[in-house]
$ cat protein.cif   # mmCIF, C-alpha atoms
data_structure
loop_
_atom_site.label_atom_id
_atom_site.label_comp_id
_atom_site.auth_asym_id
_atom_site.auth_seq_id
_atom_site.Cartn_x
_atom_site.Cartn_y
_atom_site.Cartn_z
CA MET A 1 -15.86 23.99 -20.57
CA GLN A 2 -12.88 23.26 -22.73
CA LEU A 3 -10.94 25.77 -20.71
CA ALA A 4 -12.00 24.08 -17.51
CA HIS A 5 -10.89 20.79 -18.96
CA ASN A 6 -7.38 22.03 -19.34
CA ALA A 7 -7.12 23.81 -16.02
CA LEU A 8 -4.73 21.15 -14.79
CA SER A 9 -2.36 21.97 -17.61
CA ILE A 10 -2.56 25.75 -17.53
CA PRO A 11 0.18 26.22 -14.94
CA LEU A 12 2.53 24.16 -17.06
CA ALA A 13 2.53 26.77 -19.78
CA ALA A 14 3.71 29.44 -17.40
CA VAL A 15 6.23 27.36 -15.55
CA ASN A 16 9.64 28.77 -15.17
CA ALA A 17 12.00 25.82 -15.08
CA ALA A 18 13.26 26.45 -11.58
CA ALA A 19 10.28 25.27 -9.61
CA VAL A 20 12.46 23.60 -7.03
CA GLN A 21 16.20 23.76 -7.35
CA PRO A 22 18.00 20.40 -7.52
CA VAL A 23 20.36 21.41 -4.73
CA VAL A 24 17.41 22.16 -2.51
CA ILE A 25 15.89 18.76 -3.32
CA LEU A 26 19.20 17.14 -2.45
CA LEU A 27 19.48 18.95 0.88
CA LEU A 28 15.86 18.25 1.78
CA CYS A 29 16.24 14.57 0.95
CA VAL A 30 19.43 14.22 2.99
CA ALA A 31 17.88 15.92 6.02
CA ALA A 32 14.66 13.96 5.69
CA GLY A 33 16.69 10.76 5.41
CA ILE A 34 18.50 11.53 8.67
CA GLY A 35 15.14 12.26 10.28
CA THR A 36 13.73 8.97 9.03
CA VAL A 37 16.73 7.00 10.30
CA LEU A 38 16.10 8.50 13.72
CA LEU A 39 12.38 7.91 13.50
CA LEU A 40 12.50 4.25 12.47
CA PRO A 41 11.97 1.73 15.25
CA GLY A 42 15.26 0.96 16.93
CA LYS A 43 17.06 0.75 20.21
CA ARG A 44 17.20 4.49 20.57
CA GLU A 45 15.56 6.59 23.23
CA ALA A 46 12.13 8.00 22.61
CA SER A 47 13.57 11.52 22.57
CA PHE A 48 15.77 10.65 19.58
CA ARG A 49 12.75 9.37 17.72
CA ASN A 50 10.88 12.58 18.51
CA ILE A 51 13.82 14.58 17.13
CA GLY A 52 13.68 12.47 13.97
CA GLY A 53 9.97 13.13 13.61
CA VAL A 54 10.49 16.86 14.06
CA ILE A 55 13.27 16.90 11.44
CA LEU A 56 11.13 14.96 8.98
CA ALA A 57 8.09 17.17 9.55
CA ALA A 58 10.22 20.31 9.15
CA MET A 59 11.62 19.09 5.82
CA GLY A 60 8.12 18.27 4.62
CA LEU A 61 6.89 21.72 5.62
CA ILE A 62 9.78 23.43 3.83
CA PHE A 63 9.06 21.42 0.68
CA VAL A 64 5.34 22.22 0.88
CA ALA A 65 6.09 25.90 1.43
CA MET A 66 8.27 26.00 -1.67
CA LEU A 67 5.61 24.25 -3.70
CA VAL A 68 2.91 26.58 -2.44
CA ARG A 69 4.98 29.61 -3.35
CA PHE A 70 5.60 28.08 -6.77
CA ALA A 71 1.93 27.30 -7.29
CA ALA A 72 0.92 30.79 -6.22
CA GLY A 73 3.29 32.30 -8.75
CA THR A 74 1.72 30.59 -11.74
CA THR A 75 -1.18 31.88 -13.74
CA ALA A 76 -3.59 29.46 -12.14
CA GLY A 77 -2.91 31.34 -8.95
CA GLY A 78 -3.90 30.38 -5.48
CA MET A 79 -3.71 26.96 -4.04
CA ASN A 80 -6.17 24.21 -3.72
CA ILE A 81 -6.43 23.71 0.02
CA TYR A 82 -7.99 20.28 -0.34
CA PHE A 83 -4.99 18.98 -2.25
CA TRP A 84 -2.58 20.05 0.48
CA VAL A 85 -4.75 18.63 3.23
CA PHE A 86 -5.23 15.27 1.51
CA ALA A 87 -1.59 14.99 0.42
CA GLY A 88 -0.39 15.88 3.91
CA ILE A 89 -2.63 13.30 5.56
CA ALA A 90 -1.64 10.65 3.01
CA LEU A 91 2.09 11.21 3.43
CA LEU A 92 1.96 11.48 7.22
CA GLY A 93 -0.02 8.25 7.32
CA ALA A 94 2.51 6.61 5.02
CA ILE A 95 5.38 7.70 7.30
CA ARG A 96 3.58 6.28 10.31
CA VAL A 97 2.91 3.00 8.49
CA VAL A 98 6.63 2.59 8.05
CA THR A 99 7.76 3.85 11.43
CA HIS A 100 5.13 2.60 13.86
CA PRO A 101 6.41 -0.40 15.84
CA ARG A 102 2.98 -1.99 16.29
CA PRO A 103 1.63 -3.81 13.20
CA VAL A 104 -2.05 -3.17 13.91
CA TYR A 105 -1.44 0.58 14.16
CA SER A 106 0.54 0.42 10.90
CA ALA A 107 -2.45 -1.16 9.20
CA LEU A 108 -4.80 1.47 10.63
CA TYR A 109 -2.51 4.28 9.45
CA PHE A 110 -2.52 2.64 6.04
CA ILE A 111 -6.32 2.86 6.03
CA LEU A 112 -5.92 6.59 6.76
CA THR A 113 -3.56 6.86 3.80
CA VAL A 114 -6.08 5.06 1.61
CA PHE A 115 -8.84 7.47 2.56
CA ALA A 116 -6.63 10.49 1.86
CA SER A 117 -5.65 8.99 -1.50
CA ALA A 118 -9.34 8.56 -2.29
CA GLY A 119 -9.72 12.28 -1.59
CA LEU A 120 -6.90 13.01 -4.04
CA PHE A 121 -8.64 10.82 -6.63
CA ILE A 122 -11.85 12.81 -6.20
CA LEU A 123 -9.87 16.00 -6.80
CA LEU A 124 -8.70 14.39 -10.05
CA TRP A 125 -12.30 13.62 -11.14
CA ALA A 126 -11.93 9.89 -10.60
CA GLU A 127 -14.80 9.37 -8.21
CA PHE A 128 -15.39 5.75 -9.21
CA MET A 129 -11.76 4.97 -8.49
CA ALA A 130 -12.06 6.72 -5.13
CA ALA A 131 -15.03 4.57 -4.20
CA ALA A 132 -13.32 1.42 -5.47
CA LEU A 133 -10.18 2.29 -3.53
CA VAL A 134 -12.08 2.68 -0.27
CA LEU A 135 -14.10 -0.48 -0.86
CA ILE A 136 -11.28 -2.73 -2.03
CA TYR A 137 -8.34 -1.41 -0.04
CA ALA A 138 -9.85 -0.19 3.20
CA GLY A 139 -12.74 -2.61 3.12
CA ALA A 140 -11.27 -5.86 1.90
CA ILE A 141 -7.48 -5.97 1.72
CA LEU A 142 -6.72 -4.13 4.94
CA ILE A 143 -9.28 -6.09 6.93
CA THR A 144 -7.57 -9.26 5.76
CA TYR A 145 -4.23 -7.85 6.84
CA VAL A 146 -5.60 -6.93 10.26
CA PHE A 147 -7.05 -10.41 10.66
CA VAL A 148 -3.72 -12.05 9.87
CA ILE A 149 -1.91 -9.67 12.23
CA MET A 150 -4.31 -10.49 15.04
CA LEU A 151 -4.10 -14.23 14.37
CA ALA A 152 -0.33 -14.08 14.58
CA ALA A 153 -0.46 -11.96 17.73
CA GLN A 154 -2.96 -14.34 19.32
CA SER A 155 -0.95 -17.49 18.83
CA THR A 156 2.13 -15.95 20.39
CA SER A 157 0.24 -14.55 23.33
CA THR A 158 2.35 -16.34 25.90
CA ARG A 159 4.23 -13.12 26.46
CA ALA A 160 2.53 -10.06 27.81
CA ALA A 161 0.08 -8.37 25.51
CA ASP A 162 1.74 -4.97 25.55
CA VAL A 163 5.21 -6.23 24.75
CA VAL A 164 6.08 -5.53 21.13
CA ALA A 165 8.03 -8.29 19.41
CA GLU A 166 11.73 -7.77 18.93
CA TYR A 167 11.49 -7.92 15.14
CA ASP A 168 9.04 -5.02 15.23
CA THR A 169 11.12 -2.76 17.42
CA ILE A 170 14.48 -3.13 15.71
CA SER A 171 14.81 -2.16 12.08
CA ARG A 172 17.06 -3.91 9.64
CA GLU A 173 19.74 -1.62 8.19
CA PRO A 174 17.79 1.63 8.61
CA PHE A 175 20.66 3.78 7.37
CA ALA A 176 21.18 1.91 4.11
CA ALA A 177 17.45 1.66 3.48
CA CYS A 178 16.93 5.39 4.03
CA ALA A 179 19.95 6.24 1.87
CA VAL A 180 18.63 4.19 -1.03
CA GLY A 181 15.02 5.29 -0.56
CA PHE A 182 15.75 8.99 -0.34
CA ALA A 183 18.22 8.79 -3.23
CA VAL A 184 15.45 7.35 -5.37
CA MET A 185 13.04 9.98 -4.04
CA GLY A 186 15.43 12.82 -4.82
CA LEU A 187 16.01 11.54 -8.33
CA LEU A 188 12.30 11.13 -8.98
CA LEU A 189 11.48 14.59 -7.63
CA PHE A 190 14.28 16.14 -9.65
CA VAL A 191 13.09 14.51 -12.86
CA ILE A 192 9.46 15.38 -12.13
CA PHE A 193 10.14 19.06 -11.51
CA ASP A 194 12.65 19.24 -14.32
CA LYS A 195 10.76 17.49 -17.05
CA ALA A 196 7.06 17.74 -16.23
CA ALA A 197 6.97 21.32 -17.48
CA ALA A 198 7.87 20.09 -20.95
CA LEU A 199 4.86 17.79 -21.10
CA THR A 200 1.87 18.98 -23.04
CA PRO A 201 -1.49 17.33 -22.68
CA ARG A 202 -3.14 15.75 -25.63
CA PRO A 203 -5.70 18.24 -27.01
CA VAL A 204 -9.25 17.38 -26.14
CA ASP A 205 -10.92 15.67 -29.06
CA PRO A 206 -14.58 16.73 -29.08
CA THR A 207 -15.59 13.62 -31.02
CA ALA A 208 -13.92 11.20 -28.65
CA THR A 209 -16.29 9.23 -26.46
CA ALA A 210 -13.79 8.64 -23.71
CA THR A 211 -13.37 12.14 -22.35
CA LEU A 212 -13.84 13.24 -18.80
CA ALA A 213 -17.17 14.86 -18.14
CA PRO A 214 -16.48 17.43 -15.45
CA ILE A 215 -20.03 17.81 -14.19
CA SER A 216 -21.90 14.52 -14.38
CA GLY A 217 -19.01 12.33 -13.35
CA ASN A 218 -17.44 9.76 -15.55
CA THR A 219 -18.32 6.40 -14.10
CA GLN A 220 -20.50 5.53 -17.06
CA GLU A 221 -17.84 6.59 -19.53
CA LEU A 222 -15.30 4.54 -17.63
CA GLY A 223 -17.47 1.45 -17.86
CA VAL A 224 -18.05 1.94 -21.57
CA TYR A 225 -14.34 2.47 -22.10
CA MET A 226 -13.40 -0.60 -20.07
CA PHE A 227 -15.73 -2.90 -21.96
CA ASN A 228 -15.06 -1.42 -25.38
CA SER A 229 -11.34 -0.84 -25.43
CA GLN A 230 -10.00 -2.96 -22.59
CA LEU A 231 -12.15 -6.08 -22.96
CA VAL A 232 -9.26 -8.54 -23.12
CA ASN A 233 -7.64 -6.93 -20.11
CA VAL A 234 -10.87 -7.19 -18.13
CA GLN A 235 -11.08 -10.90 -18.95
CA LEU A 236 -7.43 -11.39 -18.07
CA SER A 237 -7.83 -9.66 -14.72
CA GLY A 238 -10.78 -11.90 -13.95
CA LEU A 239 -8.65 -14.93 -14.76
CA LEU A 240 -5.86 -13.52 -12.61
CA LEU A 241 -8.20 -13.06 -9.66
CA THR A 242 -9.42 -16.64 -9.98
CA LEU A 243 -5.86 -17.93 -10.17
CA GLY A 244 -4.91 -15.84 -7.16
CA MET A 245 -7.79 -17.23 -5.14
CA VAL A 246 -6.99 -20.83 -6.05
CA GLY A 247 -3.30 -20.26 -5.39
CA ALA A 248 -3.89 -18.65 -2.02
CA ILE A 249 -6.12 -21.54 -0.96
CA LEU A 250 -3.56 -24.08 -2.12
CA ILE A 251 -0.70 -22.32 -0.35
CA ALA A 252 -2.42 -21.68 2.98
CA ARG A 253 -4.17 -25.07 3.10
CA ARG A 254 -0.99 -27.13 3.19
CA ARG A 255 -0.57 -28.87 6.50
CA VAL A 256 2.68 -28.08 8.22
CA VAL A 257 4.24 -30.81 10.30
CA THR A 258 6.03 -29.22 13.20
CA HIS A 259 8.97 -31.35 14.19
CA ASP A 260 9.56 -29.48 17.38
CA ALA A 261 7.53 -31.54 19.83
CA ALA A 262 7.70 -28.88 22.52
CA MET A 263 5.79 -26.48 20.31
CA ILE A 264 2.72 -28.73 20.09
CA PRO A 265 0.41 -27.88 22.95
CA GLU A 266 -1.03 -30.71 24.98
CA THR A 267 -4.60 -30.02 23.98
CA LEU A 268 -3.86 -30.67 20.34
CA SER A 269 -2.52 -34.19 20.88
CA THR A 270 -5.88 -35.53 19.74
CA PRO A 271 -6.34 -34.42 16.16
CA ALA A 272 -9.66 -32.71 15.66
CA THR A 273 -9.53 -32.38 11.92
CA PRO A 274 -10.61 -35.15 9.56
CA THR A 275 -7.83 -36.77 7.61
CA ASP A 276 -10.02 -37.19 4.54
CA ASP A 277 -13.44 -36.14 3.41
CA SER A 278 -15.31 -38.87 5.28
CA PRO A 279 -16.90 -37.61 8.48
CA TYR A 280 -16.22 -41.01 10.07
CA SER A 281 -12.51 -40.42 9.86
CA ILE A 282 -12.67 -38.02 12.78
CA PRO A 283 -11.10 -39.94 15.66
CA VAL A 284 -13.38 -40.51 18.59
CA VAL A 285 -11.79 -40.66 21.99
CA GLY A 286 -12.33 -43.94 23.83
CA THR A 287 -13.09 -46.26 20.95
CA ASP A 288 -11.22 -47.82 18.09
CA ASN A 289 -14.29 -47.98 15.93
CA PRO A 290 -15.22 -44.45 14.95
CA ARG A 291 -18.63 -45.62 13.75
CA ALA A 292 -19.57 -46.83 17.22
CA LYS A 293 -21.65 -44.42 19.16
CA ALA A 294 -19.92 -43.28 22.32
CA TYR A 295 -23.15 -42.41 24.07
CA PRO A 296 -26.14 -44.55 25.02
CA GLU A 297 -29.08 -44.43 22.69
CA THR A 298 -32.22 -43.12 24.31
CA MET B 1 -11.66 21.93 -10.72
CA SER B 2 -8.20 21.23 -9.62
CA GLN B 3 -5.89 24.15 -10.15
CA LEU B 4 -2.67 22.38 -9.44
CA ALA B 5 0.01 21.39 -11.83
CA LEU B 6 0.59 17.79 -12.74
CA GLU B 7 3.88 17.66 -10.91
CA HIS B 8 2.28 18.18 -7.51
CA TYR B 9 0.38 14.93 -7.86
CA LEU B 10 3.40 13.18 -9.35
CA ALA B 11 5.49 14.36 -6.40
CA VAL B 12 2.97 12.98 -3.92
CA GLY B 13 2.98 9.65 -5.75
CA ALA B 14 6.76 9.52 -5.91
CA ILE B 15 7.18 10.34 -2.21
CA MET B 16 4.63 7.71 -1.24
CA PHE B 17 6.37 5.13 -3.44
CA CYS B 18 9.73 5.88 -1.83
CA ILE B 19 8.32 5.71 1.70
CA GLY B 20 6.96 2.29 0.84
CA LEU B 21 10.36 1.31 -0.59
CA ILE B 22 12.14 2.37 2.61
CA GLY B 23 9.65 0.45 4.70
CA PHE B 24 10.01 -2.67 2.59
CA MET B 25 13.77 -2.58 2.99
CA CYS B 26 14.06 -1.91 6.69
CA ARG B 27 11.06 -3.42 8.42
CA ARG B 28 11.42 -7.03 9.55
CA ASN B 29 7.80 -7.97 10.09
CA LEU B 30 6.59 -9.93 7.05
CA ILE B 31 3.10 -8.41 7.18
CA ILE B 32 4.45 -4.87 7.38
CA MET B 33 6.72 -5.58 4.43
CA PHE B 34 3.73 -6.53 2.30
CA LEU B 35 1.83 -3.53 3.66
CA CYS B 36 4.66 -1.38 2.32
CA THR B 37 4.25 -2.90 -1.15
CA GLU B 38 0.62 -1.83 -0.97
CA LEU B 39 1.90 1.67 -0.16
CA MET B 40 4.01 1.55 -3.31
CA PHE B 41 0.92 0.50 -5.30
CA GLN B 42 -0.86 3.56 -3.86
CA GLY B 43 1.83 5.88 -5.16
CA VAL B 44 1.69 4.34 -8.61
CA ALA B 45 -2.11 4.60 -8.65
CA ILE B 46 -1.96 8.33 -7.83
CA ASN B 47 0.51 8.81 -10.69
CA LEU B 48 -1.72 6.93 -13.13
CA ILE B 49 -4.84 8.88 -12.19
CA ALA B 50 -2.97 12.20 -12.42
CA PHE B 51 -1.69 11.37 -15.88
CA GLY B 52 -5.16 10.26 -16.96
CA LYS B 53 -6.56 13.60 -15.85
CA PHE B 54 -3.68 15.42 -17.51
CA HIS B 55 -4.29 13.76 -20.86
CA ASN B 56 -8.07 13.91 -20.56
CA ASN B 57 -8.73 10.28 -21.22
CA LEU B 58 -9.74 7.26 -19.22
CA SER B 59 -6.70 5.06 -19.70
CA GLY B 60 -5.26 6.14 -16.38
CA GLN B 61 -8.36 5.10 -14.49
CA ALA B 62 -8.59 1.81 -16.39
CA PHE B 63 -4.98 1.06 -15.54
CA THR B 64 -5.65 1.91 -11.91
CA ILE B 65 -8.42 -0.67 -11.88
CA PHE B 66 -5.93 -3.25 -13.10
CA VAL B 67 -3.44 -2.11 -10.47
CA LEU B 68 -6.15 -2.68 -7.87
CA VAL B 69 -6.73 -6.17 -9.25
CA ILE B 70 -3.02 -6.94 -9.05
CA ALA B 71 -2.92 -5.54 -5.51
CA ALA B 72 -5.81 -7.75 -4.43
CA VAL B 73 -4.22 -10.87 -5.94
CA GLU B 74 -0.88 -9.95 -4.41
CA ALA B 75 -2.43 -9.44 -0.99
CA SER B 76 -4.18 -12.81 -1.07
CA MET B 77 -1.09 -14.69 -2.21
CA ALA B 78 1.18 -12.80 0.20
CA LEU B 79 -1.05 -13.41 3.18
CA GLY B 80 -1.32 -17.09 2.28
CA LEU B 81 2.47 -17.26 2.15
CA VAL B 82 2.78 -15.36 5.43
CA VAL B 83 0.41 -17.78 7.14
CA LEU B 84 2.38 -20.73 5.77
CA LEU B 85 5.73 -19.28 6.84
CA PHE B 86 4.35 -18.31 10.24
CA ARG B 87 3.18 -21.86 10.88
CA GLN B 88 6.62 -23.22 10.13
CA LYS B 89 8.73 -20.91 12.30
CA ASN B 90 6.09 -19.53 14.66
CA THR B 91 7.39 -16.00 14.10
CA LEU B 92 6.76 -13.20 11.63
CA ASP B 93 10.40 -12.17 11.58
CA ALA B 94 11.77 -12.05 8.05
CA ASP B 95 15.25 -12.64 9.47
CA ALA B 96 14.15 -16.10 10.59
CA TRP B 97 14.42 -17.07 6.92
CA LYS B 98 17.87 -15.67 6.34
CA GLU B 99 19.31 -19.09 5.64
CA LEU B 100 17.60 -18.79 2.26
CA LYS B 101 20.45 -17.59 0.05
CA GLY B 102 19.77 -16.85 -3.58
#
$ encode --input "protein.cif" --output "structure tokens"
Amino acid sequence: MQLAHNALSIPLAAVNAAAVQPVVILLLCVAAGIGTVLLLPGKREASFRNIGGVILAAMGLIFVAMLVRFAAGTTAGGMNIYFWVFAGIALLGAIRVVTHPRPVYSALYFILTVFASAGLFILLWAEFMAAALVLIYAGAILITYVFVIMLAAQSTSTRAADVVAEYDTISREPFAACAVGFAVMGLLLFVIFDKAAALTPRPVDPTATATLAPISGNTQELGVYMFNSQLVNVQLSGLLLTLGMVGAILIARRRVVTHDAAMIPETLSTPATPTDDSPYSIPVVGTDNPRAKAYPET
Amino acid sequence: MSQLALEHYLAVGAIMFCIGLIGFMCRRNLIIMFLCTELMFQGVAINLIAFGKFHNNLSGQAFTIFVLVIAAVEASMALGLVVLLFRQKNTLDADAWKELKG
């Protein structure tokens, strides 16, 4: 069982340093950057965007092929097909989140990415985190995002429903953004493949309570660890959540006075919301005395 | 049991982080920009879980729980801000606020 514990680290012992050459990373990142520039929403023709997608997909496939060859050459041998499937889905979904011109589809692709990441977490024996990720991200956060997107789309529905807004179809500085992003990505990948081989895992302490149990799952151990070793952090995160809730209510509740009179629709000229907590403060059409009944008593 | 080296998971996390970074810089829709920050949180969470598995302890998972907490708080505050900004300019375009100079 101890051997199985360390299976993640076994390939590291047999790593030859040249997993992926830095020059190759550089070339891949440059080509993928060009592909992403083409793929980002812009004024270009659809064929250009397709070319960008093909370039990006080709670079990803080359990178994956090199990694597979590298993984097959190590003592662990073979490849874990689930990892490649989940990682591929997650990264494709992430690309589509960034490049899809419609916000609702971006949010849906993000849900796909979240599910694939949950699969990766299960491969890493973090099944509680996988469940929490699906519940919190896909279930709560993303639904809130979709609601806000639909609210915003509804209130600007004067234009046709299938017309995408101009700020969604035209990117801001796609070349500079891709240059910076892929420079950071190349650096990170270079450091990861250069230095990760030198890392050695901490030896498994048989007396430690907080070790991963490969068979029964580790949700119970995680709970014990959280409330033994991270108690202050748990309290602080609870406080942070409360503060976030109060802050969000305070921010979104503020009434905005629109000075542009043309923007106020005619139906809203009679305010329907109370100005204070008294229910009698709701203005009643046709009378100055809001307490007077506007209908005959039967 | 996973038979992959640590750097495969780290690479996935790094690539996802950088995709989110690119999206945050070049998309103009406020909601999509905050969606891209969530993408960056995803990448960091994958890194944390992979390191926790690598070192055989639970700190990575505990940190990921806190990252989730931060992400939830950030989403609520960000969406409140987006709603507020949307009601003032009636658009989600981030460039509508470009008169704000730091």
$ resolve_selection --input "protein.cif" --expression "the PyMOL selection byres ((chain A and resi 240-245) around 9)" --output "PyMOL selection string"
(chain A and resi 235-239+246-250) or (chain B and resi 69-70+72-74+76-77)
$ atom_distance --input "protein.cif" --atom1 "atom CA of A:Gly88" --atom2 "atom CA of A:Ala179"
22.6 Å
$ interface_residues --input "protein.cif" --of "chain B" --to "chain A" --cutoff "6 Å" --atoms "all atoms listed in the file" --output "number ranges by chain"
B: 3-5, 18, 22-23, 25-28, 54-57, 73, 76-77, 80, 84, 93
$ closest_residue --input "protein.cif" --among "B:Thr37, B:Asn29, B:Gln88, B:Thr64" --to "B:Ile49" --atoms "only C-alpha atoms"
B:Thr64
$ resolve_selection --input "protein.cif" --expression "the PyMOL selection byres ((chain B and resi 10-17) around 6)" --output "PDB file with C-alpha atoms, in the coordinates of the input"
ATOM      1  CA  GLU B   7       3.880  17.660 -10.910  1.00  0.00           C
ATOM      2  CA  HIS B   8       2.280  18.180  -7.510  1.00  0.00           C
ATOM      3  CA  TYR B   9       0.380  14.930  -7.860  1.00  0.00           C
ATOM      4  CA  CYS B  18       9.730   5.880  -1.830  1.00  0.00           C
ATOM      5  CA  ILE B  19       8.320   5.710   1.700  1.00  0.00           C
ATOM      6  CA  GLY B  20       6.960   2.290   0.840  1.00  0.00           C
ATOM      7  CA  MET B  40       4.010   1.550  -3.310  1.00  0.00           C
ATOM      8  CA  GLY B  43       1.830   5.880  -5.160  1.00  0.00           C
ATOM      9  CA  ILE B  46      -1.960   8.330  -7.830  1.00  0.00           C
ATOM     10  CA  ASN B  47       0.510   8.810 -10.690  1.00  0.00           C
TER      11      ASN B  47
END
$ atom_distance --input "protein.cif" --atom1 "atom CA of B:Ile32" --atom2 "atom CA of B:Phe66"
23.0 Å
$ atom_distance --input "protein.cif" --atom1 "atom CA of B:Glu38" --atom2 "atom CA of B:Ala75"
8.2 Å
$ closest_residue --input "protein.cif" --among "B:Leu6, B:Leu85, B:Leu39, B:Leu100" --to "B:Leu21" --atoms "only C-alpha atoms"
B:Leu39
